[in-house]
Amino acid sequence: MTITSTTKATRRGYRMGGRVLAQCLLLVMAAYAHATPTKCSLPVQWHDGWFHSGVEDPVIINEHSISFKGACIMNDRDRYLMKDLKHGCYRCLVIHQQHYNVLQYKETYCDQTNSLAYVCSLLTGDAQLHSMFRLSAEPVRCPFPYTYTFTYNRGHAECTYPLSTVDSCTEDWRILFRYQACPDIQGTESTTEELVCLAAWKEGSNRYLVGKSEHPLATSDEDR
């Protein structure tokens with residue numbers, strides 16, 4: 001009887017020990033799952049340095065992070081939940097690649113909730129659209145093969161006479177804007193600016209062109 005009783009007690013001990021061990025494993029697994037972000041990989045074609053107006057340093061995008069937005073926690077198609085590592089909050093970015101050299105996005109304010117569905121639901125239709133341009137971009141063919149005329153306004157009035165012209169160059173990735181001065185309009189002047197075409201795309205009925213302007217007063221990427 002003593003042997004039988006001891007054996008039952010030992011078995012109960014094993015069962016209890018097993019339950020405790022299982023609970024510990026579950027707790028460890030739960031803690032690990034909570035601490036480890038859901039896998040989120042940013043597209044490989046984005047991995048590069050980007051210019052963003054108003055941001056002093058180049059924006060670096062790699063597999064799991066955007067340098068001034070934080071780490072990517074999870075994504076659903078074009079929606080990305082980013083964790084701000086400095087403030088410990090989360091924001092939703094909806095990112096579209098309009099051209100190989102152009103990324104555009106809208107974002108929410110930083111929130112304490114780490115749910116992609118909830119944070120992305122905070123995005124409003126009138127949220128500001130931001131653009132980023134690839135710093136290592138190779139020029140592309142400009143969409144202006146001929147000579148065109150244009151008018152311009154530098155804050156005072158429309159300069160319509162004489163008309164200014166935009167001309168194609170020998171290289172199909174460069175165009176020249178030849179500005180004419182309107183005698184009766186302040187701020188107008190005769191000058192020539194070269195534009196290196198970096199991206200062009202169509203969205204709805206609108207066509208867009210992104211270029212880098214070369215002129216004497218351009219001393220930074222922000223100016224260009």
# chains A, B, ... in the order shown; residues from 1 in each chain; ligands from 1

$ residues_around --residues "A:Tyr152" --least-positions-apart "2" --cutoff "9 Å" --atoms "only C-alpha atoms" --output "PDB file with all heavy atoms, in the first residue's frame"
ATOM      1  N   PHE A 150       4.610  78.753 -72.923  1.00  0.00           N
ATOM      2  CA  PHE A 150       3.951  78.728 -71.614  1.00  0.00           C
ATOM      3  C   PHE A 150       3.949  80.123 -71.008  1.00  0.00           C
ATOM      4  O   PHE A 150       4.699  81.010 -71.426  1.00  0.00           O
ATOM      5  CB  PHE A 150       4.626  77.727 -70.674  1.00  0.00           C
ATOM      6  CG  PHE A 150       6.017  78.108 -70.220  1.00  0.00           C
ATOM      7  CD1 PHE A 150       6.206  78.779 -69.015  1.00  0.00           C
ATOM      8  CD2 PHE A 150       7.142  77.787 -70.986  1.00  0.00           C
ATOM      9  CE1 PHE A 150       7.474  79.125 -68.581  1.00  0.00           C
ATOM     10  CE2 PHE A 150       8.415  78.118 -70.555  1.00  0.00           C
ATOM     11  CZ  PHE A 150       8.586  78.797 -69.361  1.00  0.00           C
ATOM     12  N   ARG A 154       4.803  84.554 -60.799  1.00  0.00           N
ATOM     13  CA  ARG A 154       5.687  84.494 -59.633  1.00  0.00           C
ATOM     14  C   ARG A 154       5.152  85.350 -58.493  1.00  0.00           C
ATOM     15  O   ARG A 154       5.902  85.966 -57.750  1.00  0.00           O
ATOM     16  CB  ARG A 154       7.102  84.891 -60.024  1.00  0.00           C
ATOM     17  CG  ARG A 154       7.747  83.821 -60.907  1.00  0.00           C
ATOM     18  CD  ARG A 154       9.190  84.006 -61.151  1.00  0.00           C
ATOM     19  NE  ARG A 154       9.770  82.823 -61.784  1.00  0.00           N
ATOM     20  CZ  ARG A 154      10.880  82.826 -62.497  1.00  0.00           C
ATOM     21  NH1 ARG A 154      11.548  83.964 -62.688  1.00  0.00           N
ATOM     22  NH2 ARG A 154      11.338  81.713 -63.029  1.00  0.00           N
ATOM     23  N   ALA A 157       1.516  88.668 -61.101  1.00  0.00           N
ATOM     24  CA  ALA A 157       0.534  88.563 -62.191  1.00  0.00           C
ATOM     25  C   ALA A 157       1.066  87.584 -63.219  1.00  0.00           C
ATOM     26  O   ALA A 157       2.248  87.208 -63.189  1.00  0.00           O
ATOM     27  CB  ALA A 157       0.258  89.928 -62.822  1.00  0.00           C
ATOM     28  N   GLU A 158       0.182  87.177 -64.138  1.00  0.00           N
ATOM     29  CA  GLU A 158       0.560  86.228 -65.177  1.00  0.00           C
ATOM     30  C   GLU A 158       1.400  86.926 -66.240  1.00  0.00           C
ATOM     31  O   GLU A 158       1.010  87.973 -66.783  1.00  0.00           O
ATOM     32  CB  GLU A 158      -0.700  85.639 -65.822  1.00  0.00           C
ATOM     33  CG  GLU A 158      -0.445  84.413 -66.666  1.00  0.00           C
ATOM     34  CD  GLU A 158      -0.331  83.154 -65.829  1.00  0.00           C
ATOM     35  OE1 GLU A 158      -0.598  83.214 -64.605  1.00  0.00           O
ATOM     36  OE2 GLU A 158       0.004  82.113 -66.402  1.00  0.00           O
ATOM     37  N   CYS A 159       2.570  86.339 -66.508  1.00  0.00           N
ATOM     38  CA  CYS A 159       3.438  86.875 -67.558  1.00  0.00           C
ATOM     39  C   CYS A 159       3.044  86.188 -68.868  1.00  0.00           C
ATOM     40  O   CYS A 159       3.382  85.032 -69.114  1.00  0.00           O
ATOM     41  CB  CYS A 159       4.901  86.602 -67.233  1.00  0.00           C
ATOM     42  SG  CYS A 159       6.061  87.179 -68.488  1.00  0.00           S
ATOM     43  N   THR A 160       2.301  86.894 -69.697  1.00  0.00           N
ATOM     44  CA  THR A 160       1.752  86.309 -70.919  1.00  0.00           C
ATOM     45  C   THR A 160       2.362  86.866 -72.201  1.00  0.00           C
ATOM     46  O   THR A 160       2.213  86.261 -73.271  1.00  0.00           O
ATOM     47  CB  THR A 160       0.230  86.529 -70.978  1.00  0.00           C
ATOM     48  OG1 THR A 160      -0.039  87.939 -70.945  1.00  0.00           O
ATOM     49  CG2 THR A 160      -0.459  85.845 -69.801  1.00  0.00           C
ATOM     50  N   SER A 164       6.843  82.672 -73.028  1.00  0.00           N
ATOM     51  CA  SER A 164       8.049  81.899 -72.740  1.00  0.00           C
ATOM     52  C   SER A 164       7.965  80.575 -73.498  1.00  0.00           C
ATOM     53  O   SER A 164       6.890  80.146 -73.923  1.00  0.00           O
ATOM     54  CB  SER A 164       8.160  81.652 -71.239  1.00  0.00           C
ATOM     55  OG  SER A 164       8.205  82.886 -70.534  1.00  0.00           O
ATOM     56  N   TYR A 179      12.498  81.532 -69.932  1.00  0.00           N
ATOM     57  CA  TYR A 179      11.557  82.508 -69.371  1.00  0.00           C
ATOM     58  C   TYR A 179      11.795  83.882 -70.005  1.00  0.00           C
ATOM     59  O   TYR A 179      12.945  84.330 -70.140  1.00  0.00           O
ATOM     60  CB  TYR A 179      11.751  82.618 -67.855  1.00  0.00           C
ATOM     61  CG  TYR A 179      11.352  81.392 -67.083  1.00  0.00           C
ATOM     62  CD1 TYR A 179      12.250  80.344 -66.888  1.00  0.00           C
ATOM     63  CD2 TYR A 179      10.075  81.281 -66.525  1.00  0.00           C
ATOM     64  CE1 TYR A 179      11.889  79.215 -66.173  1.00  0.00           C
ATOM     65  CE2 TYR A 179       9.706  80.163 -65.804  1.00  0.00           C
ATOM     66  CZ  TYR A 179      10.615  79.125 -65.633  1.00  0.00           C
ATOM     67  OH  TYR A 179      10.256  78.004 -64.924  1.00  0.00           O
ATOM     68  N   THR A 188       9.355  89.266 -62.930  1.00  0.00           N
ATOM     69  CA  THR A 188       9.641  88.478 -64.128  1.00  0.00           C
ATOM     70  C   THR A 188      11.023  88.854 -64.655  1.00  0.00           C
ATOM     71  O   THR A 188      11.488  89.987 -64.481  1.00  0.00           O
ATOM     72  CB  THR A 188       8.595  88.708 -65.224  1.00  0.00           C
ATOM     73  OG1 THR A 188       8.646  90.075 -65.664  1.00  0.00           O
ATOM     74  CG2 THR A 188       7.200  88.393 -64.703  1.00  0.00           C
TER      75      THR A 188
END

$ residues_around --residues "A:Asp48" --least-positions-apart "5" --cutoff "9 Å" --atoms "only C-alpha atoms" --output "mmCIF file with C-alpha atoms, in the first residue's frame"
data_model
loop_
_atom_site.group_PDB
_atom_site.id
_atom_site.type_symbol
_atom_site.label_atom_id
_atom_site.label_comp_id
_atom_site.auth_asym_id
_atom_site.auth_seq_id
_atom_site.Cartn_x
_atom_site.Cartn_y
_atom_site.Cartn_z
ATOM 1 C CA VAL A 59 15.263 59.193 -46.122
ATOM 2 C CA ILE A 60 16.629 55.653 -46.021
ATOM 3 C CA ILE A 61 14.258 52.767 -46.745
ATOM 4 C CA ASN A 62 15.361 49.197 -46.128
ATOM 5 C CA ARG A 134 14.916 58.659 -55.443
ATOM 6 C CA LEU A 135 18.298 60.323 -54.906
ATOM 7 C CA SER A 136 20.073 57.891 -57.237
#

$ residues_around --residues "A:Val119" --least-positions-apart "5" --cutoff "10 Å" --atoms "only C-alpha atoms" --output "list in words"
Tyr80, Leu81, Tyr90, Arg91, Cys92, Leu93, Glu107, Thr108, Tyr109, Cys110, Asp111, Gln112, Thr113 and Asn114 of chain A

$ residues_around --residues "A:Gly187" --least-positions-apart "6" --cutoff "9 Å" --atoms "only C-alpha atoms" --output "ChimeraX atom specification"
/A:153-156,181

$ write_last_selection --atoms "N, CA, C and O atoms" --output "PDB file, in the first residue's frame"
ATOM      1  N   ASN A 153       3.633  82.693 -63.429  1.00  0.00           N
ATOM      2  CA  ASN A 153       3.223  83.671 -62.423  1.00  0.00           C
ATOM      3  C   ASN A 153       4.125  83.503 -61.209  1.00  0.00           C
ATOM      4  O   ASN A 153       4.204  82.409 -60.647  1.00  0.00           O
ATOM      5  N   ARG A 154       4.803  84.554 -60.799  1.00  0.00           N
ATOM      6  CA  ARG A 154       5.687  84.494 -59.633  1.00  0.00           C
ATOM      7  C   ARG A 154       5.152  85.350 -58.493  1.00  0.00           C
ATOM      8  O   ARG A 154       5.902  85.966 -57.750  1.00  0.00           O
ATOM      9  N   GLY A 155       3.842  85.343 -58.362  1.00  0.00           N
ATOM     10  CA  GLY A 155       3.225  85.979 -57.206  1.00  0.00           C
ATOM     11  C   GLY A 155       2.642  87.345 -57.445  1.00  0.00           C
ATOM     12  O   GLY A 155       2.023  87.918 -56.536  1.00  0.00           O
ATOM     13  N   HIS A 156       2.819  87.907 -58.632  1.00  0.00           N
ATOM     14  CA  HIS A 156       2.314  89.257 -58.889  1.00  0.00           C
ATOM     15  C   HIS A 156       1.223  89.249 -59.956  1.00  0.00           C
ATOM     16  O   HIS A 156       0.137  89.772 -59.746  1.00  0.00           O
ATOM     17  N   ALA A 181      10.847  88.073 -69.883  1.00  0.00           N
ATOM     18  CA  ALA A 181      10.458  89.113 -68.924  1.00  0.00           C
ATOM     19  C   ALA A 181       9.294  89.921 -69.493  1.00  0.00           C
ATOM     20  O   ALA A 181       9.316  90.320 -70.657  1.00  0.00           O
TER      21      ALA A 181
END

$ atom_distance --atom1 "atom CA of A:Met132" --atom2 "atom CA of A:Trp173"
20.1 Å

$ atom_distance --atom1 "atom CA of A:Pro139" --atom2 "atom CA of A:Arg79"
29.1 Å

$ select_by_dssp --residues "chain A" --states "strand (DSSP E)" --output "ChimeraX atom specification"
/A:48-52,59-61,65-66,70-76,79-84,89-99,102-107,130-134,148-153,158-168,174-179,191-203,206-214

$ closest_residue --among "A:His130, A:Lys202, A:Arg141, A:Lys86" --to "A:Ser53" --atoms "only C-alpha atoms"
A:His130

$ select_by_dssp --residues "stretch 67-214 of chain A" --states "alpha helix (DSSP H)" --output "ChimeraX atom specification"
/A:116-120

$ closest_residue --among "A:Thr124, A:Asn75, A:Tyr146, A:Ser131" --to "A:Gln98" --atoms "only C-alpha atoms"
A:Ser131

$ closest_residue --among "A:Gln45, A:Ser168, A:Ser205, A:Ser121" --to "A:Tyr100" --atoms "only C-alpha atoms"
A:Gln45

$ atom_distance --atom1 "atom CA of A:Cys142" --atom2 "atom CA of A:Cys182"
27.5 Å

$ closest_residue --among "A:Ile95, A:Trp46, A:Lys39, A:Asp57" --to "A:Cys72" --atoms "only C-alpha atoms"
A:Lys39

$ closest_residue --among "A:Glu203, A:Asp78, A:Asp184, A:Glu193" --to "A:Arg224" --atoms "only C-alpha atoms"
A:Glu193
